[in-house]
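**Student:** my_file-v2.cif is reproduced in full below (mmCIF, C-alpha atoms and all ligand atoms).
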```cif
data_coords
loop_
_atom_site.label_atom_id
_atom_site.label_comp_id
_atom_site.auth_asym_id
_atom_site.auth_seq_id
_atom_site.Cartn_x
_atom_site.Cartn_y
_atom_site.Cartn_z
CA MET E 30 -44.11 10.06 -39.72
CA THR E 31 -45.45 10.90 -43.13
CA GLU E 32 -43.11 13.08 -45.09
CA SER E 33 -45.41 15.75 -46.39
CA PRO E 34 -44.19 18.16 -49.07
CA ALA E 35 -43.96 20.84 -46.39
CA ALA E 36 -41.74 18.59 -44.32
CA GLN E 37 -39.56 17.97 -47.33
CA ALA E 38 -39.32 21.66 -47.90
CA GLY E 39 -38.31 22.16 -44.29
CA ALA E 40 -35.58 19.60 -44.79
CA THR E 41 -33.63 22.30 -46.54
CA HIS E 42 -32.31 23.27 -43.16
CA PRO E 43 -28.87 24.86 -43.71
CA SER E 44 -27.18 22.30 -41.44
CA VAL E 45 -28.80 19.45 -43.32
CA GLU E 46 -27.57 20.82 -46.63
CA ALA E 47 -24.07 21.24 -45.21
CA LEU E 48 -24.18 17.72 -43.78
CA ARG E 49 -25.22 16.31 -47.14
CA GLU E 50 -22.32 18.11 -48.77
CA ALA E 51 -19.81 16.91 -46.22
CA PHE E 52 -21.04 13.36 -45.72
CA GLY E 53 -23.00 12.45 -48.84
CA ASP E 54 -24.87 9.19 -48.45
CA THR E 55 -24.22 8.97 -44.72
CA VAL E 56 -27.21 11.28 -44.37
CA THR E 57 -30.03 8.94 -45.30
CA ARG E 58 -32.95 11.33 -45.02
CA ALA E 59 -34.21 14.40 -43.24
CA THR E 60 -37.66 15.47 -42.14
CA VAL E 61 -39.38 18.15 -40.15
CA SER E 62 -41.67 17.17 -37.32
CA CYS E 63 -43.51 19.77 -35.26
CA GLY E 64 -41.04 22.37 -36.44
CA ASP E 65 -37.96 20.39 -35.47
CA THR E 66 -35.54 19.24 -38.12
CA ILE E 67 -34.59 15.58 -37.86
CA VAL E 68 -31.62 14.16 -39.72
CA TYR E 69 -31.18 10.42 -40.09
CA VAL E 70 -27.59 9.34 -40.43
CA ASP E 71 -25.81 6.05 -40.85
CA ALA E 72 -25.24 4.59 -37.39
CA SER E 73 -21.69 3.53 -38.20
CA ARG E 74 -20.60 7.15 -38.75
CA ILE E 75 -22.55 8.78 -35.94
CA ARG E 76 -19.47 9.94 -34.07
CA ASP E 77 -17.94 11.57 -37.14
CA VAL E 78 -21.18 13.35 -37.94
CA LEU E 79 -21.66 14.64 -34.39
CA ALA E 80 -18.02 15.70 -34.13
CA TRP E 81 -18.40 17.60 -37.38
CA LEU E 82 -21.61 19.26 -36.18
CA LYS E 83 -19.95 20.21 -32.93
CA ASP E 84 -16.67 21.59 -34.23
CA THR E 85 -17.38 23.03 -37.66
CA PRO E 86 -17.58 26.83 -37.64
CA GLY E 87 -21.06 27.87 -38.66
CA GLN E 88 -22.59 24.72 -37.19
CA ASP E 89 -21.39 24.90 -33.55
CA TYR E 90 -23.87 22.44 -32.09
CA ASN E 91 -21.86 22.50 -28.90
CA TYR E 92 -24.50 21.42 -26.41
CA LEU E 93 -25.75 17.85 -26.26
CA VAL E 94 -29.18 18.24 -24.71
CA ASP E 95 -30.09 14.57 -24.49
CA ILE E 96 -29.51 11.12 -25.84
CA THR E 97 -32.43 8.77 -25.91
CA ALA E 98 -33.80 5.93 -27.98
CA VAL E 99 -37.12 4.94 -29.49
CA GLU E 100 -38.53 1.53 -30.20
CA TYR E 101 -41.71 1.51 -32.25
CA ARG E 102 -44.55 -0.95 -31.89
CA ASP E 103 -44.08 -1.89 -35.52
CA VAL E 104 -41.64 -4.77 -35.12
CA GLU E 105 -40.12 -4.14 -38.55
CA ARG E 106 -38.98 -0.67 -37.69
CA PRO E 107 -35.45 -0.32 -36.37
CA ILE E 108 -34.62 1.11 -32.97
CA GLU E 109 -33.59 4.74 -33.22
CA VAL E 110 -30.93 6.38 -31.11
CA VAL E 111 -31.78 10.05 -30.82
CA TYR E 112 -29.31 12.87 -30.22
CA ASN E 113 -30.78 16.26 -29.40
CA LEU E 114 -28.26 18.97 -30.15
CA LEU E 115 -28.36 22.69 -29.52
CA SER E 116 -26.09 25.46 -30.66
CA LEU E 117 -25.85 27.79 -27.71
CA GLU E 118 -24.46 30.67 -29.78
CA ARG E 119 -26.88 30.39 -32.65
CA LYS E 120 -29.77 29.15 -30.51
CA GLN E 121 -30.49 26.48 -33.11
CA PRO E 122 -31.63 22.98 -32.22
CA LEU E 123 -31.04 19.92 -34.38
CA ARG E 124 -32.11 16.34 -33.85
CA VAL E 125 -29.92 13.58 -35.20
CA LYS E 126 -31.14 10.00 -35.35
CA ALA E 127 -29.31 6.78 -36.05
CA GLU E 128 -31.20 3.60 -36.86
CA LEU E 129 -30.17 0.22 -35.46
CA PRO E 130 -31.95 -2.75 -37.07
CA LYS E 131 -33.26 -5.18 -34.48
CA ASP E 132 -31.71 -8.22 -36.12
CA GLY E 133 -28.20 -6.76 -35.93
CA PRO E 134 -26.13 -6.05 -32.83
CA LEU E 135 -27.51 -3.10 -30.90
CA GLU E 136 -24.22 -1.25 -30.87
CA ILE E 137 -23.23 2.29 -31.65
CA ASP E 138 -20.16 4.45 -31.02
CA SER E 139 -20.07 6.34 -27.77
CA VAL E 140 -19.82 10.11 -27.97
CA VAL E 141 -18.35 10.59 -24.51
CA VAL E 142 -15.12 11.75 -26.17
CA LEU E 143 -17.08 14.66 -27.64
CA TRP E 144 -19.30 15.52 -24.69
CA ARG E 145 -18.41 14.20 -21.24
CA GLY E 146 -22.04 14.72 -20.29
CA ALA E 147 -22.95 11.90 -22.64
CA ASN E 148 -21.61 9.44 -20.09
CA TRP E 149 -24.74 9.12 -17.97
CA LEU E 150 -27.10 9.68 -20.91
CA GLU E 151 -25.62 6.70 -22.72
CA ARG E 152 -25.71 4.65 -19.56
CA GLU E 153 -29.40 5.39 -19.27
CA VAL E 154 -30.05 4.32 -22.86
CA TYR E 155 -28.06 1.17 -22.22
CA ASP E 156 -29.99 0.52 -19.02
CA MET E 157 -33.42 0.97 -20.60
CA PHE E 158 -32.87 -0.38 -24.14
CA GLY E 159 -29.77 -2.56 -23.96
CA ILE E 160 -27.98 -0.56 -26.65
CA ARG E 161 -24.23 -0.92 -26.14
CA PHE E 162 -22.04 2.12 -26.68
CA ARG E 163 -18.63 1.19 -28.03
CA ASP E 164 -15.69 2.79 -26.16
CA HIS E 165 -17.89 4.01 -23.34
CA PRO E 166 -15.62 4.38 -20.29
CA ASP E 167 -18.08 2.97 -17.75
CA LEU E 168 -21.05 1.27 -19.36
CA ARG E 169 -23.11 0.14 -16.38
CA ARG E 170 -26.77 0.36 -15.50
CA ILE E 171 -27.66 3.70 -13.99
CA LEU E 172 -31.34 3.70 -13.01
CA MET E 173 -31.90 0.04 -12.31
CA TRP E 174 -29.52 -1.53 -9.83
CA GLU E 175 -26.45 -3.16 -11.26
CA THR E 176 -27.52 -6.72 -10.56
CA TYR E 177 -30.88 -6.21 -12.26
CA ALA E 178 -31.31 -9.35 -14.33
CA GLU E 179 -34.78 -9.00 -15.88
CA GLY E 180 -33.75 -7.27 -19.07
CA TYR E 181 -34.22 -3.81 -20.51
CA PRO E 182 -37.46 -2.23 -19.29
CA LEU E 183 -38.27 0.11 -22.18
CA ARG E 184 -38.03 -2.58 -24.85
CA LYS E 185 -41.39 -3.50 -26.31
CA SER E 186 -40.76 -7.17 -25.54
CA PHE E 187 -40.41 -6.39 -21.84
CA PRO E 188 -43.48 -7.27 -19.75
CA LEU E 189 -44.84 -4.29 -17.90
CA ARG E 190 -44.52 -5.90 -14.49
CA GLY E 191 -41.09 -7.36 -15.12
CA ARG E 192 -40.11 -10.95 -15.77
CA PHE E 193 -39.69 -12.25 -12.25
CA SER E 194 -42.42 -12.86 -9.71
CA ARG E 195 -43.03 -10.08 -7.22
CA SER E 196 -41.54 -12.12 -4.41
CA GLU E 197 -38.37 -12.76 -6.37
CA GLN E 198 -38.13 -9.08 -7.27
CA MET E 199 -38.55 -8.25 -3.60
CA ARG E 200 -35.97 -10.80 -2.56
CA GLN E 201 -33.41 -9.39 -4.96
CA ALA E 202 -34.22 -5.86 -3.92
CA LEU E 203 -33.92 -6.49 -0.20
CA ASN E 204 -30.68 -8.39 -0.67
CA ALA E 205 -29.10 -5.57 -2.64
CA ASN E 206 -26.44 -3.45 -1.05
CA PRO E 207 -27.54 0.16 -1.55
CA GLU E 208 -23.98 1.43 -1.27
CA ALA E 209 -22.70 -0.70 -4.10
CA HIS E 210 -24.34 1.38 -6.84
CA TYR E 211 -21.58 3.92 -6.90
CA SER E 212 -17.99 4.12 -7.90
CA MET E 213 -15.59 6.27 -5.93
CA GLU E 214 -15.52 9.00 -8.57
CA GLU E 215 -19.28 9.37 -8.48
CA LEU E 216 -19.51 9.96 -4.77
CA SER E 217 -19.56 13.48 -3.48
CA ILE E 218 -17.61 12.15 -0.51
CA ALA E 219 -14.64 11.32 -2.74
CA GLU E 220 -12.56 14.02 -1.11
CA ALA E 221 -13.56 12.73 2.32
CA TYR E 222 -12.13 9.35 1.41
CA HIS E 223 -9.81 9.27 4.40
CA ASN E 224 -12.52 10.18 6.87
CA ILE E 225 -15.10 7.55 6.02
CA PRO E 226 -15.34 4.30 8.01
CA ALA E 227 -12.59 1.84 7.24
CA ASP E 228 -14.87 -0.92 5.97
CA MET E 229 -16.66 1.40 3.58
CA ARG E 230 -13.36 2.81 2.33
CA ASP E 231 -12.19 -0.72 1.80
CA ARG E 232 -15.26 -1.65 -0.21
CA LEU E 233 -15.01 1.47 -2.34
CA ALA E 234 -11.31 0.98 -2.96
CA ARG E 235 -11.92 -2.55 -4.14
CA GLY E 236 -14.73 -1.27 -6.31
CA GLU E 237 -16.97 -3.87 -4.73
CA ARG E 238 -20.12 -4.53 -6.63
CA ALA E 239 -23.43 -5.78 -5.38
CA LYS E 240 -24.15 -9.48 -5.52
CA ILE E 241 -27.54 -11.06 -4.96
CA PRO E 242 -27.26 -14.27 -2.94
CA GLU E 243 -28.86 -17.39 -4.34
CA PRO E 244 -32.22 -18.23 -2.77
CA PRO E 245 -31.84 -20.78 0.04
CA SER E 246 -34.39 -23.21 -1.41
CA GLU E 247 -35.77 -23.91 -4.85
CA THR E 248 -39.14 -22.42 -3.85
CA GLY E 249 -37.62 -18.97 -3.39
CA GLY E 250 -36.49 -18.63 -6.99
CA GLU E 251 -38.26 -17.71 -10.15
CA MET H 2 -58.69 3.99 6.61
CA GLY H 3 -57.15 0.76 7.77
CA LEU H 4 -56.07 0.17 11.31
CA ALA H 5 -54.31 -3.07 12.12
CA SER H 6 -55.81 -4.57 15.23
CA THR H 7 -54.00 -4.60 18.55
CA PRO H 8 -54.97 -5.97 21.93
CA THR H 9 -56.97 -3.31 23.69
CA SER H 10 -56.89 -2.67 27.40
CA GLY H 11 -59.08 0.14 28.54
CA PRO H 12 -57.57 2.63 30.94
CA ALA H 13 -61.02 2.76 32.50
CA ALA H 14 -60.36 -0.42 34.50
CA GLU H 15 -60.98 0.49 38.14
CA PRO H 16 -58.90 -0.96 40.98
CA ALA H 17 -60.72 -4.25 41.25
CA VAL H 18 -58.49 -7.14 42.23
CA VAL H 19 -54.76 -6.61 42.29
CA SER H 20 -53.86 -9.97 40.93
CA ALA H 21 -50.44 -11.41 40.39
CA VAL H 22 -51.08 -11.82 36.70
CA SER H 23 -50.97 -8.89 34.34
CA PRO H 24 -52.77 -6.73 33.56
CA ASN H 25 -53.58 -5.32 36.95
CA TRP H 26 -54.30 -1.92 38.37
CA VAL H 27 -50.66 -0.90 38.46
CA THR H 28 -49.95 -1.92 34.89
CA THR H 29 -53.06 -0.33 33.46
CA ARG H 30 -52.31 2.96 35.24
CA LEU H 31 -48.75 2.73 34.03
CA ASP H 32 -49.97 1.90 30.52
CA PHE H 33 -52.21 4.91 30.58
CA LEU H 34 -49.35 7.19 31.58
CA VAL H 35 -46.83 5.74 29.16
CA ASN H 36 -49.26 5.65 26.26
CA TRP H 37 -50.42 9.18 26.98
CA ALA H 38 -46.83 10.34 26.78
CA ARG H 39 -45.98 8.29 23.72
CA SER H 40 -49.05 9.11 21.70
CA ASN H 41 -48.72 12.83 22.29
CA SER H 42 -45.06 13.20 21.43
CA MET H 43 -44.51 11.06 18.37
CA TRP H 44 -41.61 12.17 16.27
CA PRO H 45 -42.10 11.31 12.63
CA MET H 46 -39.30 10.22 10.35
CA PRO H 47 -40.56 11.59 7.02
CA PHE H 48 -39.64 9.23 4.23
CA GLY H 49 -40.97 11.39 1.44
CA THR H 50 -40.31 9.88 -1.95
CA ALA H 51 -42.88 11.48 -4.20
CA CYS H 52 -45.87 13.79 -4.54
CA CYS H 53 -47.44 12.63 -1.26
CA ALA H 54 -44.52 14.26 0.52
CA ILE H 55 -45.75 17.62 -0.73
CA GLU H 56 -49.07 17.01 0.95
CA PHE H 57 -47.22 15.90 4.04
CA MET H 58 -45.40 19.23 4.04
CA ALA H 59 -48.75 20.98 3.81
CA THR H 60 -49.90 18.94 6.79
CA ALA H 61 -46.84 20.01 8.73
CA ALA H 62 -47.15 23.67 7.78
CA SER H 63 -49.07 26.24 9.74
CA ARG H 64 -52.53 25.81 8.23
CA TYR H 65 -52.96 22.15 9.23
CA ASP H 66 -50.13 22.08 11.74
CA ILE H 67 -49.46 18.59 13.02
CA ALA H 68 -47.68 20.26 15.93
CA ARG H 69 -51.15 20.22 17.48
CA PHE H 70 -50.74 16.47 17.81
CA GLY H 71 -47.22 16.51 19.16
CA MET H 72 -45.52 15.77 15.86
CA GLU H 73 -43.90 19.07 15.00
CA ARG H 74 -40.41 17.76 15.49
CA MET H 75 -39.43 16.05 12.24
CA SER H 76 -36.81 13.52 13.05
CA PHE H 77 -34.44 13.28 10.13
CA SER H 78 -32.39 10.77 12.03
CA PRO H 79 -34.10 7.39 12.31
CA ARG H 80 -32.41 6.88 15.67
CA GLN H 81 -34.58 9.56 17.25
CA ALA H 82 -37.80 8.75 15.46
CA ASP H 83 -40.97 7.03 16.61
CA VAL H 84 -43.04 6.97 13.44
CA LEU H 85 -41.78 6.10 9.99
CA LEU H 86 -44.03 8.04 7.66
CA CYS H 87 -43.65 6.74 4.13
CA ALA H 88 -45.12 9.47 1.94
CA GLY H 89 -44.90 8.39 -1.67
CA ARG H 90 -44.16 5.47 -3.88
CA LEU H 91 -41.38 3.06 -3.09
CA PRO H 92 -39.31 1.64 -5.94
CA PHE H 93 -37.54 -1.65 -5.45
CA LYS H 94 -34.27 0.22 -5.38
CA LEU H 95 -35.39 2.02 -2.22
CA ALA H 96 -36.71 -1.10 -0.49
CA PRO H 97 -33.40 -1.92 1.24
CA VAL H 98 -33.08 1.74 2.22
CA ILE H 99 -36.46 2.00 3.96
CA ARG H 100 -35.78 -1.36 5.58
CA ARG H 101 -32.47 -0.12 6.93
CA ILE H 102 -34.09 3.04 8.23
CA TYR H 103 -36.78 0.98 9.91
CA ASP H 104 -34.18 -1.29 11.47
CA GLN H 105 -32.27 1.72 12.76
CA MET H 106 -35.30 3.12 14.57
CA PRO H 107 -35.41 2.17 18.24
CA GLN H 108 -38.49 0.60 19.79
CA PRO H 109 -41.21 1.65 20.28
CA LYS H 110 -41.80 2.40 16.59
CA TRP H 111 -44.76 2.61 14.26
CA VAL H 112 -45.23 3.00 10.54
CA ILE H 113 -47.77 5.07 8.63
CA SER H 114 -48.17 4.30 4.95
CA MET H 115 -49.37 7.49 3.33
CA GLY H 116 -51.13 7.37 -0.01
CA ALA H 117 -52.20 4.81 -2.54
CA CYS H 118 -48.67 4.21 -3.78
CA ALA H 119 -47.09 3.44 -0.46
CA SER H 120 -50.02 1.25 0.56
CA THR H 121 -50.58 -0.71 -2.67
CA GLY H 122 -48.30 0.51 -5.43
CA GLY H 123 -51.15 2.75 -6.60
CA ILE H 124 -51.21 3.41 -10.30
CA PHE H 125 -47.65 2.16 -10.67
CA ASP H 126 -48.22 -1.54 -11.21
CA ASN H 127 -44.95 -1.92 -13.09
CA TYR H 128 -41.51 -3.47 -13.00
CA ALA H 129 -39.92 -0.90 -10.72
CA MET H 130 -42.39 -0.41 -7.92
CA VAL H 131 -42.97 -2.16 -4.61
CA GLN H 132 -46.66 -3.10 -4.44
CA GLY H 133 -47.26 -1.93 -0.90
CA ILE H 134 -44.60 -1.15 1.68
CA ASP H 135 -46.08 -3.77 3.99
CA THR H 136 -44.02 -6.27 2.01
CA VAL H 137 -40.93 -4.51 3.40
CA VAL H 138 -41.85 -3.11 6.82
CA PRO H 139 -44.84 -3.76 9.09
CA VAL H 140 -47.44 -1.01 8.72
CA ASP H 141 -49.74 0.28 11.46
CA VAL H 142 -51.96 2.74 9.62
CA TYR H 143 -52.75 2.95 5.91
CA VAL H 144 -53.93 6.35 4.73
CA PRO H 145 -55.72 6.13 1.36
CA GLY H 146 -55.83 8.87 -1.23
CA CYS H 147 -53.78 10.13 -4.11
CA PRO H 148 -52.56 12.15 -2.36
CA PRO H 149 -54.49 12.06 0.92
CA ARG H 150 -55.67 15.48 1.94
CA PRO H 151 -54.01 16.84 5.08
CA GLU H 152 -57.22 16.07 6.97
CA GLY H 153 -56.87 12.47 5.81
CA LEU H 154 -53.33 12.23 7.07
CA LEU H 155 -54.29 13.88 10.34
CA TYR H 156 -57.07 11.33 10.74
CA GLY H 157 -54.51 8.60 10.13
CA ILE H 158 -52.27 10.10 12.79
CA LEU H 159 -55.19 10.26 15.22
CA LEU H 160 -55.93 6.62 14.49
CA LEU H 161 -52.32 5.76 15.23
CA GLN H 162 -52.54 7.67 18.52
CA LYS H 163 -55.66 5.73 19.33
CA LYS H 164 -53.84 2.52 18.58
CA VAL H 165 -50.92 3.54 20.78
CA ARG H 166 -53.26 4.34 23.63
CA GLY H 167 -54.57 0.81 23.38
CA GLU H 168 -51.17 -0.80 23.84
CA THR H 169 -50.13 -2.43 27.06
CA LEU H 170 -46.78 -3.08 28.65
CA ALA H 171 -48.03 -6.50 29.67
CA ASP H 172 -47.98 -7.60 26.06
CA ARG H 173 -44.30 -7.76 25.21
CA SER H 174 -44.96 -9.26 21.81
CA ILE H 175 -45.91 -5.94 20.19
CA ARG H 176 -42.41 -4.60 20.86
CA VAL H 177 -40.53 -7.56 19.48
CA GLU H 178 -38.23 -6.55 16.66
CA GLN H 179 -39.47 -8.07 13.39
CA THR H 180 -36.45 -9.08 11.38
CA LEU H 181 -36.15 -10.44 7.87
CA ASP H 182 -36.07 -14.20 7.40
CA GLU H 183 -33.11 -16.14 6.03
CA ARG H 184 -34.20 -15.38 2.47
CA GLY H 185 -34.07 -11.70 3.29
CA LEU H 186 -37.85 -11.33 3.06
CA ARG H 187 -40.31 -9.99 5.59
CA LEU H 188 -43.22 -12.14 4.43
CA PRO H 189 -43.34 -15.59 2.82
CA PRO H 190 -42.99 -15.35 -0.98
CA GLU H 191 -46.58 -16.55 -1.54
CA ARG H 192 -47.89 -13.72 0.62
CA ILE H 193 -45.85 -11.16 -1.28
CA ASP H 194 -47.13 -12.49 -4.60
CA GLU H 195 -50.68 -12.43 -3.26
CA ILE H 196 -50.42 -8.90 -1.91
CA SER H 197 -48.87 -7.71 -5.17
CA GLU H 198 -51.61 -9.15 -7.39
CA PRO H 199 -53.06 -6.57 -9.76
CA PHE H 200 -56.44 -5.24 -8.71
CA GLY H 201 -58.89 -2.57 -9.78
CA ASN H 202 -58.00 -0.89 -13.03
CA SER H 203 -54.59 -2.45 -13.29
CA VAL H 204 -56.03 -5.89 -14.15
CA HIS H 205 -56.75 -4.35 -17.56
CA GLN H 206 -53.11 -3.43 -18.03
CA THR H 207 -52.32 -6.18 -20.45
CA ARG H 208 -50.23 -4.27 -22.95
CA SER H 209 -47.19 -6.46 -23.61
CA ALA H 210 -47.56 -7.84 -20.12
S1 LIG B 1 -50.49 8.18 -3.92
FE1 LIG B 1 -50.67 9.71 -5.56
S2 LIG B 1 -49.88 11.58 -4.62
FE2 LIG B 1 -49.14 9.87 -3.38
S3 LIG B 1 -47.14 9.30 -4.20
FE3 LIG B 1 -48.67 8.06 -5.24
S4 LIG B 1 -49.15 9.18 -7.13
FE4 LIG B 1 -48.17 10.61 -5.71
#
```
Give the structure from this file in structure tokens form.
Ligand code: SF4
**Tutor:**
Amino acid sequence: MTESPAAQAGATHPSVEALREAFGDTVTRATVSCGDTIVYVDASRIRDVLAWLKDTPGQDYNYLVDITAVEYRDVERPIEVVYNLLSLERKQPLRVKAELPKDGPLEIDSVVVLWRGANWLEREVYDMFGIRFRDHPDLRRILMWETYAEGYPLRKSFPLRGRFSRSEQMRQALNANPEAHYSMEELSIAEAYHNIPADMRDRLARGERAKIPEPPSETGGE
Amino acid sequence: MGLASTPTSGPAAEPAVVSAVSPNWVTTRLDFLVNWARSNSMWPMPFGTACCAIEFMATAASRYDIARFGMERMSFSPRQADVLLCAGRLPFKLAPVIRRIYDQMPQPKWVISMGACASTGGIFDNYAMVQGIDTVVPVDVYVPGCPPRPEGLLYGILLLQKKVRGETLADRSIRVEQTLDERGLRLPPERIDEISEPFGNSVHQTRSA
């Protein structure tokens, strides 16, 4: 990530200039990498910046392509939350990054109010990196099962094979209830609510969540 | 190609002494008939989770055509299936699912583990992947390869048929339902840890491990 003169020149992307005008110091820096413009903004104002980019005429970044995060091997470097935006009308992409220092709380504002599609994207980032999204309506794990207790797999401190022994991982997996991963709203059978078996309806209505039983003896545990 | 051993009783046994104890002439003839029928009309339950499933589809399609071996009827309901064919890698999240499918299959039932991932975890020696489906369900035939060529899978199927033809009604133990223990495991924890040990190239995977 060296900022070559060419990259600096590319940072005169019209949206970057407009952002600098509107937000001043909130825009910390901007670079160009492989032809894509990247704007770094202050994490505390991320929602304002993205709302502005989405709704301001002339910007119209109305499509949130993806939210992801990056942790670098360099332990000093902060974790970055990455927002890939696209203006469907202008066919212009823009990448916005917010840095979260590792010694602070890994928290950032949710953008679900701007794009409903951000819901699952933020859940995935939470699941893999442990970054909490403030005001997210339903911040649960999405890829790993809800009772997954080993940590956040894409963090650099996470051992490749997980923290638990294979037998403990297997025990937790086999004791999981595969139906308990979903809420009623997520299920395509939501409209068939009254036709599903009574016990399942009951579980879904209570919003029952999976629970891993304790191992019967001390040898079964971690 | 691995083939778990079973007691063999040759159908070639001629009517020698009709003894009161099994196996005798009647049971071996009956075995022959039953096993002939079973081995030539196995309905697979395809549990295709990854790229191996594509190769399984190729095996089922006209060029390789597993219909030649009595398997053309894919059974997408476990209740009508004879063979659970796990084609692809199995994440921990799917372990209770494949176990439930296996439990729903009526006896007699067999399992083919297709590909390196299903058999050993393959290249995915990581936090999410079951290191061999034999830690979840008992496996009859392991088909190696990444993915196995259709010929490889067909050879595995032929091996399974051979195994089925070696079964005998006199041995009730091979049809006993194998349930999970009180911990919810199929094997003792030490066995699972041992089976899941890294091997081959993955012992060098030490990055932040
Ligand atoms: S063995 Fe190879 S082809 Fe089969 S599921 Fe694994 S990676 Fe895919």
**Student:** Need the shell around segment 31-38 of chain H: protein/DNA/RNA residues with any atom at most 9 Å away, counting only C-alpha atoms. Skip same-chain ones fewer than 3 positions apart. Format as an MDAnalysis selection string?
**Tutor:** chainID H and resid 10:12 26:28 41:43 162 165:171
**Student:** Using only C-alpha atoms and all ligand atoms, what are the residues with an atom within 7 Å of ligand LIG 1 (chain B), set out as a VMD selection string?
**Tutor:** chain H and resid 51 to 53 88 to 90 116 to 119 123 to 124 146 to 148
**Student:** Can you spit out the residues from that selection as an mmCIF file, keeping the file's coordinate frame, using C-alpha atoms?
**Tutor:**
```
data_model
loop_
_atom_site.group_PDB
_atom_site.id
_atom_site.type_symbol
_atom_site.label_atom_id
_atom_site.label_comp_id
_atom_site.auth_asym_id
_atom_site.auth_seq_id
_atom_site.Cartn_x
_atom_site.Cartn_y
_atom_site.Cartn_z
ATOM 1 C CA ALA H 51 -42.880 11.480 -4.200
ATOM 2 C CA CYS H 52 -45.870 13.790 -4.540
ATOM 3 C CA CYS H 53 -47.440 12.630 -1.260
ATOM 4 C CA ALA H 88 -45.120 9.470 1.940
ATOM 5 C CA GLY H 89 -44.900 8.390 -1.670
ATOM 6 C CA ARG H 90 -44.160 5.470 -3.880
ATOM 7 C CA GLY H 116 -51.130 7.370 -0.010
ATOM 8 C CA ALA H 117 -52.200 4.810 -2.540
ATOM 9 C CA CYS H 118 -48.670 4.210 -3.780
ATOM 10 C CA ALA H 119 -47.090 3.440 -0.460
ATOM 11 C CA GLY H 123 -51.150 2.750 -6.600
ATOM 12 C CA ILE H 124 -51.210 3.410 -10.300
ATOM 13 C CA GLY H 146 -55.830 8.870 -1.230
ATOM 14 C CA CYS H 147 -53.780 10.130 -4.110
ATOM 15 C CA PRO H 148 -52.560 12.150 -2.360
#
```
**Student:** What are the closest atom pairs, with distances in Å to one decimal, for all residues of chain H lying within 8 Å of chain E? Consider only C-alpha atoms, order rows by chain and residue number, and present the result as CSV.
**Tutor:**
```
residue,atom,partner,partner_atom,distance
H:Phe93,CA,E:Ala202,CA,5.6
H:Lys94,CA,E:Ala202,CA,6.3
H:Ala96,CA,E:Leu203,CA,6.1
H:Pro97,CA,E:Leu203,CA,4.8
H:Val98,CA,E:Pro207,CA,6.9
H:Arg100,CA,E:Leu203,CA,7.9
H:Asp126,CA,E:Arg190,CA,6.6
H:Asn127,CA,E:Arg190,CA,4.2
H:Tyr128,CA,E:Arg190,CA,4.1
H:Ala129,CA,E:Arg190,CA,7.8
H:Val131,CA,E:Met199,CA,7.6
H:Glu183,CA,E:Pro245,CA,7.7
H:Arg184,CA,E:Pro244,CA,6.3
H:Gly185,CA,E:Asn204,CA,6.2
H:Leu186,CA,E:Arg200,CA,5.9
H:Pro190,CA,E:Ser196,CA,4.9
H:Glu191,CA,E:Ser196,CA,7.3
H:Ile193,CA,E:Ser196,CA,5.4
H:Asp194,CA,E:Arg195,CA,5.4
H:Ser197,CA,E:Arg195,CA,6.6
H:Arg208,CA,E:Leu189,CA,7.4
H:Ser209,CA,E:Pro188,CA,5.4
H:Ala210,CA,E:Pro188,CA,4.1
```
**Student:** With C-alpha atoms kept, could you save the residues just selected as a PDB file, in the frame of the given file?
**Tutor:**
```
ATOM      1  CA  PHE H  93     -37.540  -1.650  -5.450  1.00  0.00           C
ATOM      2  CA  LYS H  94     -34.270   0.220  -5.380  1.00  0.00           C
ATOM      3  CA  ALA H  96     -36.710  -1.100  -0.490  1.00  0.00           C
ATOM      4  CA  PRO H  97     -33.400  -1.920   1.240  1.00  0.00           C
ATOM      5  CA  VAL H  98     -33.080   1.740   2.220  1.00  0.00           C
ATOM      6  CA  ARG H 100     -35.780  -1.360   5.580  1.00  0.00           C
ATOM      7  CA  ASP H 126     -48.220  -1.540 -11.210  1.00  0.00           C
ATOM      8  CA  ASN H 127     -44.950  -1.920 -13.090  1.00  0.00           C
ATOM      9  CA  TYR H 128     -41.510  -3.470 -13.000  1.00  0.00           C
ATOM     10  CA  ALA H 129     -39.920  -0.900 -10.720  1.00  0.00           C
ATOM     11  CA  VAL H 131     -42.970  -2.160  -4.610  1.00  0.00           C
ATOM     12  CA  GLU H 183     -33.110 -16.140   6.030  1.00  0.00           C
ATOM     13  CA  ARG H 184     -34.200 -15.380   2.470  1.00  0.00           C
ATOM     14  CA  GLY H 185     -34.070 -11.700   3.290  1.00  0.00           C
ATOM     15  CA  LEU H 186     -37.850 -11.330   3.060  1.00  0.00           C
ATOM     16  CA  PRO H 190     -42.990 -15.350  -0.980  1.00  0.00           C
ATOM     17  CA  GLU H 191     -46.580 -16.550  -1.540  1.00  0.00           C
ATOM     18  CA  ILE H 193     -45.850 -11.160  -1.280  1.00  0.00           C
ATOM     19  CA  ASP H 194     -47.130 -12.490  -4.600  1.00  0.00           C
ATOM     20  CA  SER H 197     -48.870  -7.710  -5.170  1.00  0.00           C
ATOM     21  CA  ARG H 208     -50.230  -4.270 -22.950  1.00  0.00           C
ATOM     22  CA  SER H 209     -47.190  -6.460 -23.610  1.00  0.00           C
ATOM     23  CA  ALA H 210     -47.560  -7.840 -20.120  1.00  0.00           C
TER      24      ALA H 210
END
```
**Student:** List the neighbours of Val84 of chain H out to 10 Å using only C-alpha atoms; skip same-chain residues closer than 2 positions along the sequence, and give me the result as a PyMOL selection string.
**Tutor:** chain H and resi 43-47+72+75-76+79+81-82+86-87+103+106+109-113+141+158+161
